[in-house]
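Worksheet: one structure, shown below.
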Amino acid sequence: MFEHEHFTFPLLLSLQVSALATMLAGLLGLALGYLLARGRFVGREVLDVLVTLPLVLPPVVTGYLLLMVLGRHGWLGGPLAHVGIAILFTWKAAVVASAAAALPFMVKTSRAAIEQVDPELEATAHLLGFSRWGTFWHVTLPLARQGIFAGLVLSFARAMGEFGATLMLAGNTPGRTNTMALEIYAATEAGESQRAAVLVVLLVVLSFAILYTANRIGPRSDH
Amino acid sequence: MMRFAPFLLALVTPLVGCGGGGEEDALRVSAAASLRVVMEDLVDAFEAQGGCEIRLNTASSGTLRRQIEAGPAADVYLSANERHMQALVEEGHIRPEAVRLFARNHLVVAQSAQETALTLTSLADLTAESFGRIAIGSPRTAPVGEYAEEALRAVGVWETLQPRLILTENAPQIAAYLRRGEVDAAILYVTDVVPLGEAARVLLEIDSGLHSPIRYTIAVVSETERPEAATSFVDFLCGPEAHGSLRIHGFLAPE
C-alpha cells in the first residue's frame with residue numbers, strides 16, 4: 001500500500017516540482033509584474049489579461065496549449081528535441097505546467113505591490129545616482145516585498161495542487177511523473193479510498209507546515 | 001471599486017431570475033464518458049419518438065458509481081466496466097436482475113496520420129524501435145488501460161514496453177496526443193478512433209481473445225422515483241433502433 005513509487009516518490013516529486021515551479025513563476029512573474037506596473041507601452045493591459053488566462057481556462061486547456069508549444073512539433077519543443085532535451089512526459093513538464101498555473105498569482109500580486117510603491121521615491125533614488133537596476137533592487141523591491149512574498153506563497157500553493165495541465169503535459173506514470181495531486185486522483189479513481197485519504201492528510205499537513213513557516217518568517221508590516 | 005458592483009449585479013440577475021423550469025422532471029441518465037457521443041444521438045432519438053425528457057450526465061464509470069453511492073444521483077446507469085456495476089449491485093443500489101448487456105467494444109492500435117505509416121502485423125511487434133512512445137490508458141484508473149495491459153501481457157511484451165509507455169487518463173487525452181503526433185502509437189477503443197476521422201489511422205485490430213470482454217452494461221437504479229420511465233428508456237437502448245446507432249459509432253451488438 002505504501003511502496004516507494006506510490007508514496008514517498010510522489011511526495012518528494014511534488015516538493016521538488018512545486019519548489020522549482022515557484023522559482024520559475026517567481027522570477028518570470030516579478031519581471032512581468034514590474035513591466036506591467038512601471039512600463040508604458042501599447043498593449044500593456046492586453047499582456048496583463050494574457051498572463052491571467054491560466055486562471056480562466058480549464059487547466060486541461062492550458063495543458064493542451066503548452067502541449068502545442070512544447071510538443072515534438074511545437075515551436076519550442078521541436079528545437080529542444082533537436083538538442084536532445086525532452087520536456088513532455090517528464091518531471092520537467094510537471095514543473096512547466098505548475099509554473100504556468102502559478103504565474104497569474106505572481107504577476108497580479110507583484111504588479112499590485114509595485115504599483116503601491118511611491119514613484120517619487122524611485123525618482124529620488126535615481127536622482128541620487130542609483131542605476132535603474134539599483135533603484136529596483138534597493139528601493140522598489142524592499143518596499144513591495146510583502147506583496148511579492150504573498151505572490152510566492154500563492155504560487156507555491158497553486159503549484160502543489162496543480163492537476164489538469166500536469167496530467168496533459170506530463171502524463172501520470174508511476175515513478176516518473178505521479179505528483180501528489182495525480183496520485184491522489186489515481187487512488188480515488190481506483191477506489192483505494194483509504195490510501196487516498198492518507199495521501200490527502202499528508203498533502204494538507206505538509207502544505208500547512210510549509211505555508212505556516214513561510215508566513216511566520218516572511219516579511220510583515222512594520223506598523 | 002464600487003463601480004464594479006452594478007456590472008456584477010447585471011451578470012448575476014439572469015441566474016436568480018429563472019427558478020423552476022422543466023429540468024426537475026427529466027430522467028437522469030449517468031453514462032460512461034466513452035458513450036457520450038452515441039448517447040447524445042440516442043437521447044435525441046428517444047425524445048423525438050415521444051419519450052420523456054432525458055438529462056445526460058457523462059463521466060468515468062467510477063466517478064458515476066461514486067455519485068450513485070453518495071445519494072440519489074441517477075435513474076439509469078451505463079457502465080463501461082462490469083466491476084463498477086457489480087459493486088453497485090453488491091451495495092444494493094441496483095437489483096441483480098436489472099443489469100442488462102448494452103454493447104461491446106474492441107481495442108485497436110492507432111497512430112497519428114501526420115506520421116509516416118508504420119506496419120504492424122502483431123501486437124508483439126510494438127517492441128520495434130519505430131514505435132517510440134506508446135500511449136495507453138492508465139491500468140489503475142481507466143478500463144481501456146486495464147484491457148491494454150491484459151493484451152500486452154498476453155503476448156509477453158508488457159515488461160519490455162514499460163519505459164516507453166505513456167499512461168493517460170481518458171480518451172480525449174490520447175486523442176490530443178494522436179492529433180499532435182506526440183506519441184508514435186496508442187492503444188484505444190475503436191470507438192475513440194472513429195471520431196478522430198482523418199487525424200488517426202488504425203494499424204491493428206487487437207484480438208479480443210487477448211483480454212477480458214469489453215462490455216457495457218445498463219441498469220435502472222433501485223432508488224429511482226420513476227421506474228417506468230427508466231425502464232422504457234432502457235428498453236429503447238436495448239432495441240434494434242439503438243443497435244443501428246451503436247454500429248454507426250463503431251460499437252458491437254451485445255451478444
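Chain labels follow the order of the C-alpha cells: the first chain is A, the next B, and so on; residue numbering restarts at 1 in every chain, and ligands are counted from 1 in their shown order.
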
Per residue of chain B within 8 Å of chain A, what are the shortest atom pair and its distance in Å to one decimal, counting only C-alpha atoms, with rows by chain and residue number, as CSV?
```
residue,atom,partner,partner_atom,distance
B:Gly62,CA,A:Glu189,CA,6.2
B:Thr63,CA,A:Glu189,CA,7.1
B:Ser138,CA,A:Asn172,CA,7.6
B:Arg140,CA,A:Ala190,CA,5.8
B:Thr141,CA,A:Ala190,CA,5.1
B:Ile166,CA,A:Gly171,CA,6.4
B:Leu167,CA,A:Thr173,CA,5.6
B:Thr168,CA,A:Gly171,CA,5.8
B:Glu169,CA,A:Asn172,CA,7.8
B:Gln173,CA,A:Met168,CA,6.7
B:Ala176,CA,A:Tyr64,CA,7.7
B:Arg180,CA,A:His73,CA,7.4
B:Gly181,CA,A:His73,CA,7.6
B:Glu182,CA,A:Arg72,CA,6.2
```

Which is closest to A:Thr140 among A:Arg216, A:Leu20, A:Arg44, A:Val117, if we use only C-alpha atoms?
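Result for the nearest residue to A:Thr140: A:Val117.
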
For A:Ala113, find every residue with an atom within 9 Å (counting only C-alpha atoms), except residues of its own chain fewer than 5 positions away, and show them as a list in words.
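Skipping anything fewer than 5 positions along the chain leaves Gly33, Ala37, Lys108, Leu143, Ala144, Arg145, Gln146, Gly147 and Ile148 of chain A.
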
Let's have the selection written as a PDB file, in the first residue's frame, with N, CA, C and O atoms.
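out-v6.pdb, freshly written:
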```pdb
ATOM      1  N   GLY A  33       5.402  41.542 -13.607  1.00  0.00           N
ATOM      2  CA  GLY A  33       4.701  42.443 -12.697  1.00  0.00           C
ATOM      3  C   GLY A  33       5.318  43.837 -12.737  1.00  0.00           C
ATOM      4  O   GLY A  33       4.611  44.848 -12.770  1.00  0.00           O
ATOM      5  N   ALA A  37       3.579  47.208 -14.095  1.00  0.00           N
ATOM      6  CA  ALA A  37       3.362  48.296 -13.148  1.00  0.00           C
ATOM      7  C   ALA A  37       4.051  49.577 -13.598  1.00  0.00           C
ATOM      8  O   ALA A  37       3.530  50.673 -13.440  1.00  0.00           O
ATOM      9  N   LYS A 108      -0.070  39.130 -10.791  1.00  0.00           N
ATOM     10  CA  LYS A 108      -1.100  40.021 -10.240  1.00  0.00           C
ATOM     11  C   LYS A 108      -0.662  40.639  -8.921  1.00  0.00           C
ATOM     12  O   LYS A 108      -0.786  41.848  -8.721  1.00  0.00           O
ATOM     13  N   LEU A 143      10.347  47.778  -0.776  1.00  0.00           N
ATOM     14  CA  LEU A 143       9.053  48.389  -0.435  1.00  0.00           C
ATOM     15  C   LEU A 143       7.875  47.516  -0.858  1.00  0.00           C
ATOM     16  O   LEU A 143       6.810  47.585  -0.275  1.00  0.00           O
ATOM     17  N   ALA A 144       8.088  46.704  -1.894  1.00  0.00           N
ATOM     18  CA  ALA A 144       6.994  45.869  -2.397  1.00  0.00           C
ATOM     19  C   ALA A 144       7.087  44.445  -1.874  1.00  0.00           C
ATOM     20  O   ALA A 144       6.341  43.578  -2.306  1.00  0.00           O
ATOM     21  N   ARG A 145       8.002  44.211  -0.921  1.00  0.00           N
ATOM     22  CA  ARG A 145       8.334  42.820  -0.564  1.00  0.00           C
ATOM     23  C   ARG A 145       7.152  42.029  -0.024  1.00  0.00           C
ATOM     24  O   ARG A 145       7.043  40.837  -0.268  1.00  0.00           O
ATOM     25  N   GLN A 146       6.258  42.685   0.701  1.00  0.00           N
ATOM     26  CA  GLN A 146       5.132  41.929   1.267  1.00  0.00           C
ATOM     27  C   GLN A 146       4.251  41.328   0.170  1.00  0.00           C
ATOM     28  O   GLN A 146       3.862  40.166   0.230  1.00  0.00           O
ATOM     29  N   GLY A 147       3.936  42.165  -0.807  1.00  0.00           N
ATOM     30  CA  GLY A 147       3.093  41.690  -1.907  1.00  0.00           C
ATOM     31  C   GLY A 147       3.788  40.616  -2.720  1.00  0.00           C
ATOM     32  O   GLY A 147       3.175  39.613  -3.098  1.00  0.00           O
ATOM     33  N   ILE A 148       5.079  40.821  -2.964  1.00  0.00           N
ATOM     34  CA  ILE A 148       5.844  39.846  -3.739  1.00  0.00           C
ATOM     35  C   ILE A 148       5.905  38.521  -2.988  1.00  0.00           C
ATOM     36  O   ILE A 148       5.734  37.446  -3.564  1.00  0.00           O
TER      37      ILE A 148
END
```

Where does DSSP see strand (DSSP E or B) in stretch 133-236 of chain B, if you list the residues as a list in words?
Ile134, Ala135, Ile136, Gly137, Leu165, Ile166, Leu167, Thr168, Ala185, Ala186, Ile187, Leu188, Tyr189, Ala200, Arg201, Val202, Leu203, Leu204, Glu205, Arg215, Tyr216, Thr217, Ile218, Ala219 and Val220 of chain B

Could you list, as a list in words, every residue within 10 Å of B:Leu42, counting only C-alpha atoms and ignoring same-chain residues fewer than 2 positions away?
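Everything that qualifies: Arg36, Val37, Val38, Met39, Glu40, Asp44, Ala45, Phe46, Glu47, Ala48, Phe233, Phe236, Leu237, Glu241, Ala242, His243, Ser245 and Leu246 of chain B.
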
Mind giving me the straight-line distance from atom CA of A:Leu24 to atom CA of A:Ala159 in Å, one decimal?
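Going from atom CA of A:Leu24 over to atom CA of A:Ala159, I get 11.0 Å.
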
B:Ala171: which residues within 9 Å, counting only C-alpha atoms, same-chain residues fewer than 5 positions away excluded, as JSON, numbers by chain?
{"B": [33, 34, 137, 144, 176, 188, 189, 192]}

Could you write those residues out with N, CA and C atoms, as a PDB file, in the first residue's frame?
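Result written to result-v4.pdb:
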```
ATOM      1  N   ALA B  33     -18.131   7.952 -19.982  1.00  0.00           N
ATOM      2  CA  ALA B  33     -17.701   9.028 -20.887  1.00  0.00           C
ATOM      3  C   ALA B  33     -17.531   8.550 -22.328  1.00  0.00           C
ATOM      4  N   SER B  34     -17.098   7.292 -22.513  1.00  0.00           N
ATOM      5  CA  SER B  34     -16.853   6.812 -23.877  1.00  0.00           C
ATOM      6  C   SER B  34     -18.156   6.648 -24.666  1.00  0.00           C
ATOM      7  N   GLY B 137      -4.163   3.751 -21.763  1.00  0.00           N
ATOM      8  CA  GLY B 137      -4.872   4.239 -20.588  1.00  0.00           C
ATOM      9  C   GLY B 137      -4.125   3.775 -19.345  1.00  0.00           C
ATOM     10  N   VAL B 144      -9.881   1.149 -20.247  1.00  0.00           N
ATOM     11  CA  VAL B 144      -9.199   0.942 -21.523  1.00  0.00           C
ATOM     12  C   VAL B 144      -7.734   0.554 -21.296  1.00  0.00           C
ATOM     13  N   ALA B 176      -5.677  13.854 -28.055  1.00  0.00           N
ATOM     14  CA  ALA B 176      -4.839  15.056 -28.165  1.00  0.00           C
ATOM     15  C   ALA B 176      -3.425  14.674 -28.597  1.00  0.00           C
ATOM     16  N   LEU B 188      -6.269   2.084 -27.973  1.00  0.00           N
ATOM     17  CA  LEU B 188      -7.535   2.660 -27.518  1.00  0.00           C
ATOM     18  C   LEU B 188      -8.718   1.921 -28.117  1.00  0.00           C
ATOM     19  N   TYR B 189      -9.937   2.294 -27.675  1.00  0.00           N
ATOM     20  CA  TYR B 189     -11.138   1.672 -28.219  1.00  0.00           C
ATOM     21  C   TYR B 189     -11.296   2.102 -29.676  1.00  0.00           C
ATOM     22  N   ASP B 192     -13.153   5.255 -30.094  1.00  0.00           N
ATOM     23  CA  ASP B 192     -12.483   6.537 -29.858  1.00  0.00           C
ATOM     24  C   ASP B 192     -11.670   6.970 -31.069  1.00  0.00           C
TER      25      ASP B 192
END
```

Which residue, A:Ala209, A:Leu182, A:Ala25, A:Val95, has the smallest gap to A:Gly161 when you use only C-alpha atoms?
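Once distances to A:Gly161 are computed over only C-alpha atoms, the minimum belongs to A:Leu182.
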
Select, from B:Asn170, B:Thr224, B:Thr217, B:Thr58, the residue with the minimum atom-to-atom distance to B:Met85, counting only C-alpha atoms.
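Going through B:Asn170, B:Thr224, B:Thr217, B:Thr58 one by one, the smallest distance to B:Met85 is for B:Thr217.
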
Atomic distance atom CA of B:Leu152 - atom CA of B:Gly250, expressed in Å with one decimal:
22.7 Å

Take atom CA of B:Leu252 and atom CA of B:Arg100 and report the distance between them in Å, one decimal.
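Separating atom CA of B:Leu252 from atom CA of B:Arg100 is a distance of 14.9 Å.
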
May I have the residues within 9 Å of B:Ala73 as a PyMOL selection string, using only C-alpha atoms and disregarding those fewer than 4 positions away in the same chain?
chain B and resi 28-30+64+67-69

Hey, can you spit out that residue selection with C-alpha atoms as a PDB file, in the first residue's frame?
```
ATOM      1  CA  ARG B  28     -31.392  11.339 -15.046  1.00  0.00           C
ATOM      2  CA  VAL B  29     -29.064   9.099 -17.042  1.00  0.00           C
ATOM      3  CA  SER B  30     -25.440   8.586 -15.947  1.00  0.00           C
ATOM      4  CA  LEU B  64     -20.597   7.977 -11.748  1.00  0.00           C
ATOM      5  CA  GLN B  67     -22.166   9.716  -7.290  1.00  0.00           C
ATOM      6  CA  ILE B  68     -24.797   6.962  -7.116  1.00  0.00           C
ATOM      7  CA  GLU B  69     -23.296   5.646  -3.867  1.00  0.00           C
TER       8      GLU B  69
END
```

Contacts of stretch 221-223 of chain B at 8 Å (only C-alpha atoms; same-chain gap of 4+ positions) as a list in words:
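In the requested form, the answer reads Pro72, Ala74, Asp75, Val76, Tyr77, Gly92, His93, Ile94 and Arg95 of chain B.
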